[in-house]
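Structure file my_file.json (JSON, C-alpha atoms) follows.
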```
[["chain", "number", "residue", "atom", "x", "y", "z"],
["D", 1, "MET", "CA", 0.00, 0.00, 0.00],
["D", 2, "LYS", "CA", 1.37, 3.40, -1.00],
["D", 3, "LEU", "CA", 0.44, 6.87, 0.15],
["D", 4, "GLN", "CA", -0.31, 7.80, -3.47],
["D", 5, "GLN", "CA", -2.92, 5.04, -3.68],
["D", 6, "LEU", "CA", -4.66, 6.43, -0.62],
["D", 7, "LYS", "CA", -4.72, 9.88, -2.23],
["D", 8, "TYR", "CA", -6.19, 8.31, -5.35],
["D", 9, "VAL", "CA", -9.12, 6.58, -3.61],
["D", 10, "ILE", "CA", -9.89, 9.72, -1.61],
["D", 11, "LYS", "CA", -10.06, 11.75, -4.82],
["D", 12, "VAL", "CA", -12.28, 9.09, -6.43],
["D", 13, "ALA", "CA", -14.66, 9.26, -3.46],
["D", 14, "GLU", "CA", -14.78, 13.06, -3.67],
["D", 15, "SER", "CA", -15.32, 13.04, -7.44],
["D", 16, "GLY", "CA", -17.93, 10.30, -7.61],
["D", 17, "SER", "CA", -16.36, 8.70, -10.67],
["D", 18, "LEU", "CA", -13.04, 7.35, -11.88],
["D", 19, "THR", "CA", -13.14, 9.54, -14.98],
["D", 20, "ALA", "CA", -13.65, 12.78, -13.08],
["D", 21, "ALA", "CA", -11.00, 11.82, -10.51],
["D", 22, "ALA", "CA", -8.50, 10.99, -13.26],
["D", 23, "GLU", "CA", -9.02, 14.42, -14.81],
["D", 24, "ARG", "CA", -8.43, 16.13, -11.47],
["D", 25, "LEU", "CA", -5.35, 14.01, -10.80],
["D", 26, "PHE", "CA", -4.02, 14.54, -14.34],
["D", 27, "ILE", "CA", -3.52, 10.84, -14.95],
["D", 28, "ALA", "CA", -5.06, 8.38, -17.40],
["D", 29, "GLN", "CA", -8.31, 6.78, -16.28],
["D", 30, "PRO", "CA", -7.06, 3.19, -16.90],
["D", 31, "SER", "CA", -4.02, 3.89, -14.71],
["D", 32, "LEU", "CA", -6.23, 5.21, -11.90],
["D", 33, "SER", "CA", -8.60, 2.25, -12.21],
["D", 34, "LYS", "CA", -5.67, -0.15, -12.02],
["D", 35, "ALA", "CA", -4.24, 1.58, -8.92],
["D", 36, "VAL", "CA", -7.60, 1.41, -7.13],
["D", 37, "SER", "CA", -8.12, -2.25, -8.06],
["D", 38, "GLU", "CA", -4.62, -3.15, -6.87],
["D", 39, "LEU", "CA", -5.27, -1.46, -3.54],
["D", 40, "GLU", "CA", -8.59, -3.28, -3.13],
["D", 41, "ARG", "CA", -6.90, -6.57, -3.95],
["D", 42, "GLU", "CA", -4.01, -5.92, -1.55],
["D", 43, "MET", "CA", -6.36, -4.91, 1.29],
["D", 44, "ASP", "CA", -8.83, -7.67, 0.39],
["D", 45, "ILE", "CA", -11.81, -5.30, 0.43],
["D", 46, "THR", "CA", -14.16, -3.65, -2.04],
["D", 47, "ILE", "CA", -13.83, 0.09, -1.55],
["D", 48, "PHE", "CA", -16.25, 1.18, -4.28],
["D", 49, "THR", "CA", -19.38, -0.15, -5.92],
["D", 50, "ARG", "CA", -19.02, 0.66, -9.63],
["D", 51, "SER", "CA", -21.83, 1.40, -12.07],
["D", 52, "ARG", "CA", -22.37, 3.22, -15.34],
["D", 53, "THR", "CA", -23.22, 6.40, -13.44],
["D", 54, "GLY", "CA", -20.11, 6.41, -11.26],
["D", 55, "VAL", "CA", -18.76, 4.90, -8.05],
["D", 56, "VAL", "CA", -20.11, 4.82, -4.50],
["D", 57, "PRO", "CA", -18.14, 3.77, -1.40],
["D", 58, "THR", "CA", -19.27, 0.54, 0.22],
["D", 59, "GLU", "CA", -19.87, 0.47, 3.95],
["D", 60, "GLU", "CA", -16.46, -1.14, 4.41],
["D", 61, "GLY", "CA", -15.04, 1.34, 1.91],
["D", 62, "MET", "CA", -16.31, 4.28, 3.97],
["D", 63, "ARG", "CA", -14.45, 2.99, 7.02],
["D", 64, "PHE", "CA", -11.32, 2.48, 4.92],
["D", 65, "LEU", "CA", -11.59, 5.99, 3.45],
["D", 66, "SER", "CA", -11.94, 7.46, 6.92],
["D", 67, "ARG", "CA", -8.68, 5.80, 7.93],
["D", 68, "ALA", "CA", -7.06, 6.76, 4.63],
["D", 69, "ARG", "CA", -7.90, 10.44, 5.12],
["D", 70, "GLN", "CA", -6.33, 10.29, 8.57],
["D", 71, "VAL", "CA", -3.11, 8.81, 7.15],
["D", 72, "VAL", "CA", -2.94, 11.32, 4.28],
["D", 73, "GLU", "CA", -3.67, 14.30, 6.51],
["D", 74, "GLN", "CA", -1.04, 13.21, 9.04],
["D", 75, "ALA", "CA", 1.49, 12.80, 6.23],
["D", 76, "GLU", "CA", 0.67, 16.28, 4.92],
["D", 77, "LEU", "CA", 1.06, 17.71, 8.42],
["D", 78, "LEU", "CA", 4.47, 16.09, 8.75],
["D", 79, "GLU", "CA", 5.56, 17.59, 5.44],
["D", 80, "SER", "CA", 4.25, 21.05, 6.26],
["D", 81, "GLU", "CA", 5.80, 21.00, 9.73],
["D", 82, "TYR", "CA", 9.25, 19.66, 8.91],
["D", 83, "LYS", "CA", 9.85, 19.96, 5.18],
["D", 84, "GLY", "CA", 11.57, 23.24, 4.36],
["D", 85, "THR", "CA", 10.15, 25.19, 7.31],
["D", 86, "ASP", "CA", 12.03, 27.17, 9.90],
["D", 87, "ARG", "CA", 9.60, 26.63, 12.78],
["D", 88, "PRO", "CA", 6.66, 24.29, 13.51],
["D", 89, "ARG", "CA", 3.05, 25.11, 12.77],
["D", 90, "ARG", "CA", 0.43, 25.28, 15.49],
["D", 91, "VAL", "CA", -2.17, 22.68, 14.50],
["D", 92, "PHE", "CA", -5.73, 22.44, 15.82],
["D", 93, "GLY", "CA", -9.00, 21.11, 14.43],
["D", 94, "ILE", "CA", -12.57, 21.11, 15.69],
["D", 95, "SER", "CA", -15.73, 19.50, 14.31],
["D", 96, "THR", "CA", -19.11, 20.75, 15.44],
["D", 97, "GLN", "CA", -22.81, 20.95, 15.01],
["D", 98, "HIS", "CA", -24.01, 24.29, 13.65],
["D", 99, "TYR", "CA", -23.51, 26.70, 16.55],
["D", 100, "ALA", "CA", -22.54, 30.38, 16.27],
["D", 101, "PHE", "CA", -20.83, 30.34, 19.68],
["D", 102, "VAL", "CA", -18.40, 27.69, 18.43],
["D", 103, "VAL", "CA", -17.44, 29.96, 15.54],
["D", 104, "ASN", "CA", -17.09, 33.03, 17.79],
["D", 105, "ALA", "CA", -14.66, 31.22, 20.06],
["D", 106, "PHE", "CA", -12.76, 29.92, 17.04],
["D", 107, "VAL", "CA", -12.38, 33.47, 15.69],
["D", 108, "SER", "CA", -10.99, 34.60, 19.05],
["D", 109, "LEU", "CA", -8.52, 31.71, 19.05],
["D", 110, "VAL", "CA", -7.25, 32.45, 15.55],
["D", 111, "ARG", "CA", -6.80, 36.13, 16.40],
["D", 112, "GLU", "CA", -4.61, 35.18, 19.34],
["D", 113, "PHE", "CA", -2.31, 33.25, 16.99],
["D", 114, "ASP", "CA", -2.36, 35.92, 14.28],
["D", 115, "GLN", "CA", 1.41, 36.49, 14.47],
["D", 116, "ASN", "CA", 2.32, 32.79, 14.44],
["D", 117, "ARG", "CA", 2.31, 30.07, 11.82],
["D", 118, "TYR", "CA", -0.70, 27.85, 12.29],
["D", 119, "GLU", "CA", -2.98, 25.38, 10.56],
["D", 120, "PHE", "CA", -6.44, 25.42, 12.11],
["D", 121, "SER", "CA", -9.64, 23.82, 10.82],
["D", 122, "LEU", "CA", -13.32, 24.26, 11.70],
["D", 123, "ARG", "CA", -15.80, 21.74, 10.30],
["D", 124, "GLU", "CA", -19.56, 22.14, 10.70],
["D", 125, "THR", "CA", -20.80, 18.66, 9.96],
["D", 126, "SER", "CA", -23.24, 15.91, 10.92],
["D", 127, "THR", "CA", -23.38, 14.37, 14.38],
["D", 128, "ALA", "CA", -21.94, 11.07, 13.14],
["D", 129, "GLY", "CA", -19.29, 13.01, 11.22],
["D", 130, "ILE", "CA", -18.21, 14.79, 14.41],
["D", 131, "ILE", "CA", -17.72, 11.51, 16.24],
["D", 132, "ASP", "CA", -15.79, 10.04, 13.30],
["D", 133, "ASP", "CA", -13.59, 13.12, 12.94],
["D", 134, "VAL", "CA", -12.49, 12.98, 16.56],
["D", 135, "ARG", "CA", -12.15, 9.19, 16.54],
["D", 136, "VAL", "CA", -9.69, 9.24, 13.62],
["D", 137, "GLN", "CA", -7.99, 12.41, 14.94],
["D", 138, "ARG", "CA", -9.08, 14.58, 12.05],
["D", 139, "SER", "CA", -10.24, 16.95, 14.78],
["D", 140, "GLU", "CA", -9.11, 17.17, 18.38],
["D", 141, "LEU", "CA", -12.50, 18.34, 19.67],
["D", 142, "GLY", "CA", -16.10, 17.79, 18.65],
["D", 143, "VAL", "CA", -18.99, 19.92, 19.91],
["D", 144, "LEU", "CA", -22.50, 18.43, 20.10],
["D", 145, "TYR", "CA", -25.44, 18.12, 22.47],
["D", 146, "ARG", "CA", -27.37, 15.54, 24.42],
["D", 147, "CYS", "CA", -30.94, 15.61, 25.72],
["D", 148, "ASP", "CA", -33.41, 13.20, 27.30],
["D", 149, "PHE", "CA", -34.53, 12.00, 23.86],
["D", 150, "ASN", "CA", -31.11, 11.21, 22.39],
["D", 151, "GLY", "CA", -28.95, 10.93, 25.52],
["D", 152, "ASN", "CA", -28.51, 7.15, 25.60],
["D", 153, "VAL", "CA", -27.83, 6.87, 21.86],
["D", 154, "ILE", "CA", -25.28, 9.71, 21.80],
["D", 155, "THR", "CA", -23.55, 8.43, 24.94],
["D", 156, "ASN", "CA", -23.26, 4.92, 23.50],
["D", 157, "ALA", "CA", -22.02, 6.21, 20.13],
["D", 158, "VAL", "CA", -19.35, 8.32, 21.84],
["D", 159, "LYS", "CA", -18.28, 5.43, 24.07],
["D", 160, "SER", "CA", -18.17, 2.98, 21.16],
["D", 161, "ALA", "CA", -15.77, 5.33, 19.38],
["D", 162, "ASP", "CA", -13.47, 5.33, 22.44],
["D", 163, "LEU", "CA", -14.27, 8.98, 23.07],
["D", 164, "HIS", "CA", -15.24, 10.91, 26.18],
["D", 165, "PHE", "CA", -18.08, 13.44, 26.46],
["D", 166, "GLU", "CA", -17.45, 16.43, 28.72],
["D", 167, "PRO", "CA", -20.40, 18.79, 29.47],
["D", 168, "LEU", "CA", -19.92, 22.52, 28.85],
["D", 169, "PHE", "CA", -23.27, 24.06, 29.79],
["D", 170, "CYS", "CA", -27.01, 23.45, 29.68],
["D", 171, "ALA", "CA", -29.39, 25.51, 27.57],
["D", 172, "SER", "CA", -33.15, 25.78, 27.47],
["D", 173, "PRO", "CA", -34.58, 25.21, 23.98],
["D", 174, "HIS", "CA", -35.23, 28.30, 21.88],
["D", 175, "VAL", "CA", -36.65, 28.93, 18.43],
["D", 176, "PHE", "CA", -34.85, 31.01, 15.82],
["D", 177, "VAL", "CA", -37.25, 32.97, 13.61],
["D", 178, "SER", "CA", -37.13, 36.03, 11.39],
["D", 179, "ARG", "CA", -37.61, 39.39, 13.07],
["D", 180, "ASP", "CA", -40.62, 39.83, 10.74],
["D", 181, "ASN", "CA", -42.23, 36.55, 11.79],
["D", 182, "PRO", "CA", -45.60, 37.08, 13.58],
["D", 183, "LEU", "CA", -44.20, 35.06, 16.52],
["D", 184, "ALA", "CA", -41.12, 37.24, 16.97],
["D", 185, "ALA", "CA", -42.67, 39.55, 19.58],
["D", 186, "ARG", "CA", -43.93, 36.76, 21.81],
["D", 187, "PRO", "CA", -42.23, 36.05, 25.15],
["D", 188, "SER", "CA", -42.36, 32.32, 24.38],
["D", 189, "VAL", "CA", -43.88, 29.87, 21.90],
["D", 190, "THR", "CA", -45.20, 26.32, 21.87],
["D", 191, "LEU", "CA", -44.88, 23.59, 19.25],
["D", 192, "ALA", "CA", -48.53, 24.24, 18.39],
["D", 193, "ASP", "CA", -47.69, 27.90, 17.68],
["D", 194, "LEU", "CA", -45.00, 26.74, 15.22],
["D", 195, "ALA", "CA", -47.27, 24.36, 13.28],
["D", 196, "PRO", "CA", -48.13, 26.77, 10.41],
["D", 197, "TYR", "CA", -44.46, 27.50, 9.66],
["D", 198, "PRO", "CA", -41.78, 25.41, 7.89],
["D", 199, "ARG", "CA", -39.45, 23.52, 10.20],
["D", 200, "LEU", "CA", -35.79, 23.76, 9.18],
["D", 201, "SER", "CA", -33.31, 21.10, 10.21],
["D", 202, "TYR", "CA", -29.80, 19.98, 9.29],
["D", 203, "ASP", "CA", -29.11, 17.00, 7.07],
["D", 204, "GLN", "CA", -27.41, 14.11, 8.88],
["D", 205, "GLY", "CA", -26.07, 12.38, 5.78],
["D", 206, "ILE", "CA", -26.24, 8.68, 5.00],
["D", 207, "ARG", "CA", -26.26, 7.75, 8.69],
["D", 208, "ASN", "CA", -29.40, 9.75, 9.28],
["D", 209, "SER", "CA", -31.18, 9.06, 12.55],
["D", 210, "LEU", "CA", -33.68, 11.00, 14.61],
["D", 211, "TYR", "CA", -31.35, 10.47, 17.57],
["D", 212, "PHE", "CA", -28.48, 12.16, 15.70],
["D", 213, "ALA", "CA", -30.56, 15.23, 14.75],
["D", 214, "GLU", "CA", -29.31, 18.62, 15.93],
["D", 215, "GLU", "CA", -32.81, 19.85, 16.72],
["D", 216, "LEU", "CA", -34.97, 19.04, 19.72],
["D", 217, "HIS", "CA", -38.46, 17.58, 19.12],
["D", 218, "ILE", "CA", -37.39, 16.31, 15.68],
["D", 219, "ALA", "CA", -39.64, 13.27, 16.16],
["D", 220, "GLU", "CA", -42.71, 15.53, 16.24],
["D", 221, "ALA", "CA", -44.70, 15.27, 13.00],
["D", 222, "VAL", "CA", -44.93, 18.51, 11.00],
["D", 223, "ASP", "CA", -46.67, 19.42, 7.75],
["D", 224, "LYS", "CA", -43.79, 21.51, 6.39],
["D", 225, "SER", "CA", -40.20, 20.37, 6.67],
["D", 226, "ILE", "CA", -37.02, 21.54, 4.93],
["D", 227, "VAL", "CA", -33.62, 19.91, 5.37],
["D", 228, "VAL", "CA", -30.44, 21.90, 4.68],
["D", 229, "THR", "CA", -26.69, 21.32, 4.95],
["D", 230, "ASP", "CA", -25.28, 24.65, 6.11],
["D", 231, "ARG", "CA", -26.06, 27.42, 8.56],
["D", 232, "ALA", "CA", -26.11, 30.27, 6.04],
["D", 233, "THR", "CA", -28.78, 28.54, 3.95],
["D", 234, "LEU", "CA", -30.84, 27.74, 7.02],
["D", 235, "PHE", "CA", -30.90, 31.37, 8.18],
["D", 236, "ASN", "CA", -31.70, 32.57, 4.66],
["D", 237, "LEU", "CA", -34.73, 30.27, 4.64],
["D", 238, "VAL", "CA", -35.74, 31.33, 8.14],
["D", 239, "ILE", "CA", -35.95, 34.87, 6.76],
["D", 240, "GLY", "CA", -37.21, 34.14, 3.25],
["D", 241, "LEU", "CA", -39.85, 31.53, 4.11],
["D", 242, "ASN", "CA", -40.73, 32.55, 7.68],
["D", 243, "GLY", "CA", -39.36, 29.23, 8.81],
["D", 244, "TYR", "CA", -38.00, 28.25, 12.21],
["D", 245, "THR", "CA", -35.40, 26.01, 13.76],
["D", 246, "ILE", "CA", -34.95, 24.83, 17.33],
["D", 247, "SER", "CA", -31.57, 25.38, 18.96],
["D", 248, "SER", "CA", -29.75, 26.59, 22.07],
["D", 249, "GLY", "CA", -30.85, 30.20, 21.70],
["D", 250, "ILE", "CA", -27.32, 31.60, 21.55],
["D", 251, "LEU", "CA", -27.08, 33.96, 18.59],
["D", 252, "SER", "CA", -24.35, 36.20, 17.21],
["D", 253, "GLU", "CA", -25.24, 39.39, 15.35],
["D", 254, "ASP", "CA", -21.64, 39.61, 14.17],
["D", 255, "LEU", "CA", -22.05, 36.33, 12.27],
["D", 256, "ASN", "CA", -25.79, 36.05, 11.64],
["D", 257, "GLY", "CA", -26.92, 39.67, 11.38],
["D", 258, "SER", "CA", -29.84, 41.24, 13.18],
["D", 259, "GLN", "CA", -32.70, 39.69, 11.21],
["D", 260, "ILE", "CA", -32.85, 36.53, 13.34],
["D", 261, "VAL", "CA", -34.34, 36.54, 16.84],
["D", 262, "SER", "CA", -34.40, 33.90, 19.53],
["D", 263, "ILE", "CA", -37.61, 33.00, 21.40],
["D", 264, "PRO", "CA", -37.87, 30.57, 24.35],
["D", 265, "LEU", "CA", -39.69, 27.35, 23.46],
["D", 266, "GLU", "CA", -42.06, 25.95, 26.08],
["D", 267, "SER", "CA", -40.64, 22.46, 26.48],
["D", 268, "SER", "CA", -39.71, 19.97, 29.18],
["D", 269, "GLU", "CA", -36.50, 19.15, 27.25],
["D", 270, "HIS", "CA", -33.11, 20.76, 27.74],
["D", 271, "MET", "CA", -29.86, 20.76, 25.76],
["D", 272, "GLU", "CA", -26.63, 19.62, 27.40],
["D", 273, "LEU", "CA", -23.93, 21.11, 25.22],
["D", 274, "GLY", "CA", -20.53, 19.50, 25.49],
["D", 275, "TYR", "CA", -17.42, 18.37, 23.68],
["D", 276, "VAL", "CA", -16.03, 14.96, 22.80],
["D", 277, "LYS", "CA", -12.35, 14.07, 22.83],
["D", 278, "ARG", "CA", -10.19, 11.00, 22.56],
["D", 279, "ALA", "CA", -10.38, 9.11, 25.84],
["D", 280, "ASP", "CA", -6.79, 7.91, 25.57],
["D", 281, "ARG", "CA", -4.95, 11.24, 25.46],
["D", 282, "PRO", "CA", -4.93, 14.67, 27.12],
["D", 283, "LEU", "CA", -5.93, 17.83, 25.27],
["D", 284, "SER", "CA", -3.31, 20.07, 23.71],
["D", 285, "SER", "CA", -2.70, 23.53, 25.12],
["D", 286, "ILE", "CA", -4.45, 25.02, 22.07],
["D", 287, "ALA", "CA", -7.55, 22.90, 22.67],
["D", 288, "GLU", "CA", -7.59, 23.90, 26.33],
["D", 289, "ARG", "CA", -7.33, 27.57, 25.34],
["D", 290, "TYR", "CA", -10.14, 27.17, 22.82],
["D", 291, "LEU", "CA", -12.43, 25.64, 25.44],
["D", 292, "GLN", "CA", -11.69, 28.53, 27.79],
["D", 293, "LEU", "CA", -12.61, 31.03, 25.08],
["D", 294, "LEU", "CA", -15.78, 29.06, 24.35],
["D", 295, "ARG", "CA", -16.84, 29.03, 28.00],
["D", 296, "ASP", "CA", -16.06, 32.75, 28.32],
["D", 297, "TYR", "CA", -18.19, 33.61, 25.28],
["D", 298, "VAL", "CA", -21.17, 31.55, 26.44],
["D", 299, "ARG", "CA", -20.92, 32.93, 29.99],
["D", 300, "GLU", "CA", -20.81, 36.52, 28.70],
["D", 301, "TYR", "CA", -23.75, 35.93, 26.35],
["D", 302, "GLN", "CA", -25.88, 34.34, 29.05],
["D", 303, "SER", "CA", -25.02, 37.17, 31.45],
["D", 304, "GLU", "CA", -26.08, 39.79, 28.89],
["D", 305, "GLN", "CA", -29.35, 37.92, 28.31],
["D", 306, "GLY", "CA", -29.99, 37.51, 32.03],
["D", 307, "VAL", "CA", -29.93, 33.75, 31.80]]
```

Any chance you could give the structure as structure tokens?
Amino acid sequence: MKLQQLKYVIKVAESGSLTAAAERLFIAQPSLSKAVSELEREMDITIFTRSRTGVVPTEEGMRFLSRARQVVEQAELLESEYKGTDRPRRVFGISTQHYAFVVNAFVSLVREFDQNRYEFSLRETSTAGIIDDVRVQRSELGVLYRCDFNGNVITNAVKSADLHFEPLFCASPHVFVSRDNPLAARPSVTLADLAPYPRLSYDQGIRNSLYFAEELHIAEAVDKSIVVTDRATLFNLVIGLNGYTISSGILSEDLNGSQIVSIPLESSEHMELGYVKRADRPLSSIAERYLQLLRDYVREYQSEQGV
């Protein structure tokens, strides 16, 4: 097995076809196909299911690709840190559900290292993706939440990945709506109040599960439902379609503007926000500093809101 072969299969997975991947890699398609087949034969697995419309990773292939990305990224980090450089980079990665407070703390962290060489990454992704990223060390931290509904499933998933969940803070559920929404002026809302409006939620990918959803009360049946993949699109639809989403209630005008407001949701549920980390190693000094900035931001926001 060669590092180049791992890079090849990763590019094939990203491209969705051998032909498109070959074009991006600037090699002949038969050569790429041969390299992939040789790797599958050597590893005794089938990484891709091939068809006339392209290629799709098998379940075993997805696990292999996850490991392959880890190997390639670690190799790239070694090169960037030691090959032709005069001092090491500061490296830190975090994967998270779609929370503005995570981004705010990340911005503060990057600003602190503005005069140094660094390689930081912030990935807003699915719940399963967060757990995988931390498990394979693509990210050092993962931020997600637990509640009564999903608590057992999330705890078991984290434990099965040899990770540890550490609570950060608890938040009462809130609804994000447009400032122009008829509900915006209310002191609180119920699920019945929200029934006429589209519910917006985040896509959880191929491992979709109600227990992995980012939103509370996702199991409640609604007449109008829209699934999106990124925070900017969700907020655009909250404004454009008078939709709503259920979250922690912590907003950032710096990132999200002033057109979104947060309203308490009358609910017996609560959100336990926390981070996951590898259970077998301590956090780096950068990760510890990030968590301090995150706690400081949340504490300041809650103080301003009188929470």

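Counting from atom CA of D:Ser139, the distance to atom CA of D:Asp280 is 14.5 Å.
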
With all atoms listed in the file as the atoms that count, which of D:Leu265, D:Ala35, D:Cys170, D:Ala128 lies nearest to D:Tyr145?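 Among D:Leu265, D:Ala35, D:Cys170, D:Ala128, it is D:Cys170 that comes nearest to D:Tyr145.
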
Might you pull out every residue within 12 Å of D:Gly240, with all atoms listed in the file counted and same-chain residues fewer than 5 positions away left off, and present them as a PyMOL selection string? chain D and resi 177-181+197-198+233-235+259-260

Taking into account only C-alpha atoms, which residue in the set D:Ala105, D:Ile206, D:Ala20, D:Met1 is nearest to D:Asp296? D:Ala105

In Å to one decimal, how far is atom CA of D:Phe176 from atom CA of D:Glu300?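 That distance, rounded to one decimal, is 19.8 Å.
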
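Take atom CA of D:Gln29 and atom CA of D:Thr49: the distance between them is 16.7 Å.
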
Contacts of D:Lys7 at 8 Å (all atoms listed in the file; same-chain gap of 4+ positions) as number ranges by chain: D: 3, 11, 68, 72

Within 12 Å of (-7.3, 12.9, -11.3), in the coordinates the file gives, what residues turn up when you count only C-alpha atoms, written out as number ranges by chain? D: 4-5, 7-33, 35

Compute the distance from (-9.4, 18.9, 19.7) to each atom, counting all atoms listed in the file, keep the residues with any atom at most 8 Å away, and return them as a PyMOL selection string; use the coordinates of the file. chain D and resi 92-94+134+139-142+277+283-284+287

Return the single residue from D:Leu251, D:Val102, D:Ala219, D:Val175 that is closest to D:Val143, with distances computed using only C-alpha atoms. D:Val102

Residue nearest D:Gln292 among D:Gln97, D:Arg117, D:Glu266, D:Leu168 (counting all atoms listed in the file): D:Leu168

Return the single residue from D:Val107, D:Val91, D:Val136, D:Leu216 that is closest to D:Arg67, with distances computed using all atoms listed in the file.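 Checking each of D:Val107, D:Val91, D:Val136, D:Leu216 against D:Arg67, counting all atoms listed in the file, the winner is D:Val136.
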
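The nearest approach to D:Gly61 among the residues D:Ala184, D:Val238, D:Leu144, D:Ile47, with all atoms listed in the file taken into account, belongs to D:Ile47.
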
Considering only C-alpha atoms, return as JSON, numbers by chain whatever protein or nucleic-acid residues lie within 12 Å of D:Leu194, sequence-local ones (same chain, fewer than 4 positions apart) excluded. {"D": [174, 175, 176, 177, 181, 182, 183, 184, 188, 189, 190, 198, 199, 200, 217, 220, 221, 222, 223, 224, 225, 242, 243, 244, 245, 246, 263, 265, 266]}

As AutoDock Vina command-line options: centre and edge lengths in Å, one decimal, of the axis-aligned box holding stretch 147-152 of chain D with 6 Å per side:
```
--center_x -31.5 --center_y 11.4 --center_z 24.8 --size_x 18.0 --size_y 20.5 --size_z 16.9
```

Write out N, CA and C atoms for stretch 150-166 of chain D, as a PDB file, in the frame of the given file.
```pdb
ATOM      1  N   ASN D 150     -32.206  11.874  23.089  1.00  0.00           N
ATOM      2  CA  ASN D 150     -31.110  11.210  22.390  1.00  0.00           C
ATOM      3  C   ASN D 150     -29.951  10.804  23.302  1.00  0.00           C
ATOM      4  N   GLY D 151     -30.065  11.090  24.598  1.00  0.00           N
ATOM      5  CA  GLY D 151     -28.950  10.930  25.520  1.00  0.00           C
ATOM      6  C   GLY D 151     -28.291   9.562  25.485  1.00  0.00           C
ATOM      7  N   ASN D 152     -29.079   8.497  25.565  1.00  0.00           N
ATOM      8  CA  ASN D 152     -28.510   7.150  25.600  1.00  0.00           C
ATOM      9  C   ASN D 152     -27.800   6.805  24.289  1.00  0.00           C
ATOM     10  N   VAL D 153     -28.415   7.187  23.168  1.00  0.00           N
ATOM     11  CA  VAL D 153     -27.830   6.870  21.860  1.00  0.00           C
ATOM     12  C   VAL D 153     -26.508   7.621  21.668  1.00  0.00           C
ATOM     13  N   ILE D 154     -26.501   8.916  21.962  1.00  0.00           N
ATOM     14  CA  ILE D 154     -25.280   9.710  21.800  1.00  0.00           C
ATOM     15  C   ILE D 154     -24.189   9.198  22.737  1.00  0.00           C
ATOM     16  N   THR D 155     -24.535   8.926  23.979  1.00  0.00           N
ATOM     17  CA  THR D 155     -23.550   8.430  24.940  1.00  0.00           C
ATOM     18  C   THR D 155     -22.935   7.123  24.475  1.00  0.00           C
ATOM     19  N   ASN D 156     -23.761   6.209  23.986  1.00  0.00           N
ATOM     20  CA  ASN D 156     -23.260   4.920  23.500  1.00  0.00           C
ATOM     21  C   ASN D 156     -22.396   5.080  22.258  1.00  0.00           C
ATOM     22  N   ALA D 157     -22.798   5.987  21.349  1.00  0.00           N
ATOM     23  CA  ALA D 157     -22.020   6.210  20.130  1.00  0.00           C
ATOM     24  C   ALA D 157     -20.647   6.790  20.463  1.00  0.00           C
ATOM     25  N   VAL D 158     -20.623   7.708  21.411  1.00  0.00           N
ATOM     26  CA  VAL D 158     -19.350   8.320  21.840  1.00  0.00           C
ATOM     27  C   VAL D 158     -18.465   7.269  22.503  1.00  0.00           C
ATOM     28  N   LYS D 159     -19.052   6.461  23.367  1.00  0.00           N
ATOM     29  CA  LYS D 159     -18.280   5.430  24.070  1.00  0.00           C
ATOM     30  C   LYS D 159     -17.766   4.379  23.106  1.00  0.00           C
ATOM     31  N   SER D 160     -18.586   3.994  22.138  1.00  0.00           N
ATOM     32  CA  SER D 160     -18.170   2.980  21.160  1.00  0.00           C
ATOM     33  C   SER D 160     -16.999   3.444  20.312  1.00  0.00           C
ATOM     34  N   ALA D 161     -16.878   4.764  20.157  1.00  0.00           N
ATOM     35  CA  ALA D 161     -15.770   5.330  19.380  1.00  0.00           C
ATOM     36  C   ALA D 161     -14.540   5.596  20.246  1.00  0.00           C
ATOM     37  N   ASP D 162     -14.568   5.113  21.487  1.00  0.00           N
ATOM     38  CA  ASP D 162     -13.470   5.330  22.440  1.00  0.00           C
ATOM     39  C   ASP D 162     -13.236   6.818  22.698  1.00  0.00           C
ATOM     40  N   LEU D 163     -14.331   7.560  22.778  1.00  0.00           N
ATOM     41  CA  LEU D 163     -14.270   8.980  23.070  1.00  0.00           C
ATOM     42  C   LEU D 163     -14.881   9.261  24.431  1.00  0.00           C
ATOM     43  N   HIS D 164     -14.678  10.476  24.899  1.00  0.00           N
ATOM     44  CA  HIS D 164     -15.240  10.910  26.180  1.00  0.00           C
ATOM     45  C   HIS D 164     -16.025  12.185  25.972  1.00  0.00           C
ATOM     46  N   PHE D 165     -17.236  12.253  26.539  1.00  0.00           N
ATOM     47  CA  PHE D 165     -18.080  13.440  26.460  1.00  0.00           C
ATOM     48  C   PHE D 165     -17.923  14.248  27.740  1.00  0.00           C
ATOM     49  N   GLU D 166     -17.599  15.524  27.582  1.00  0.00           N
ATOM     50  CA  GLU D 166     -17.450  16.430  28.720  1.00  0.00           C
ATOM     51  C   GLU D 166     -18.465  17.562  28.599  1.00  0.00           C
TER      52      GLU D 166
END
```
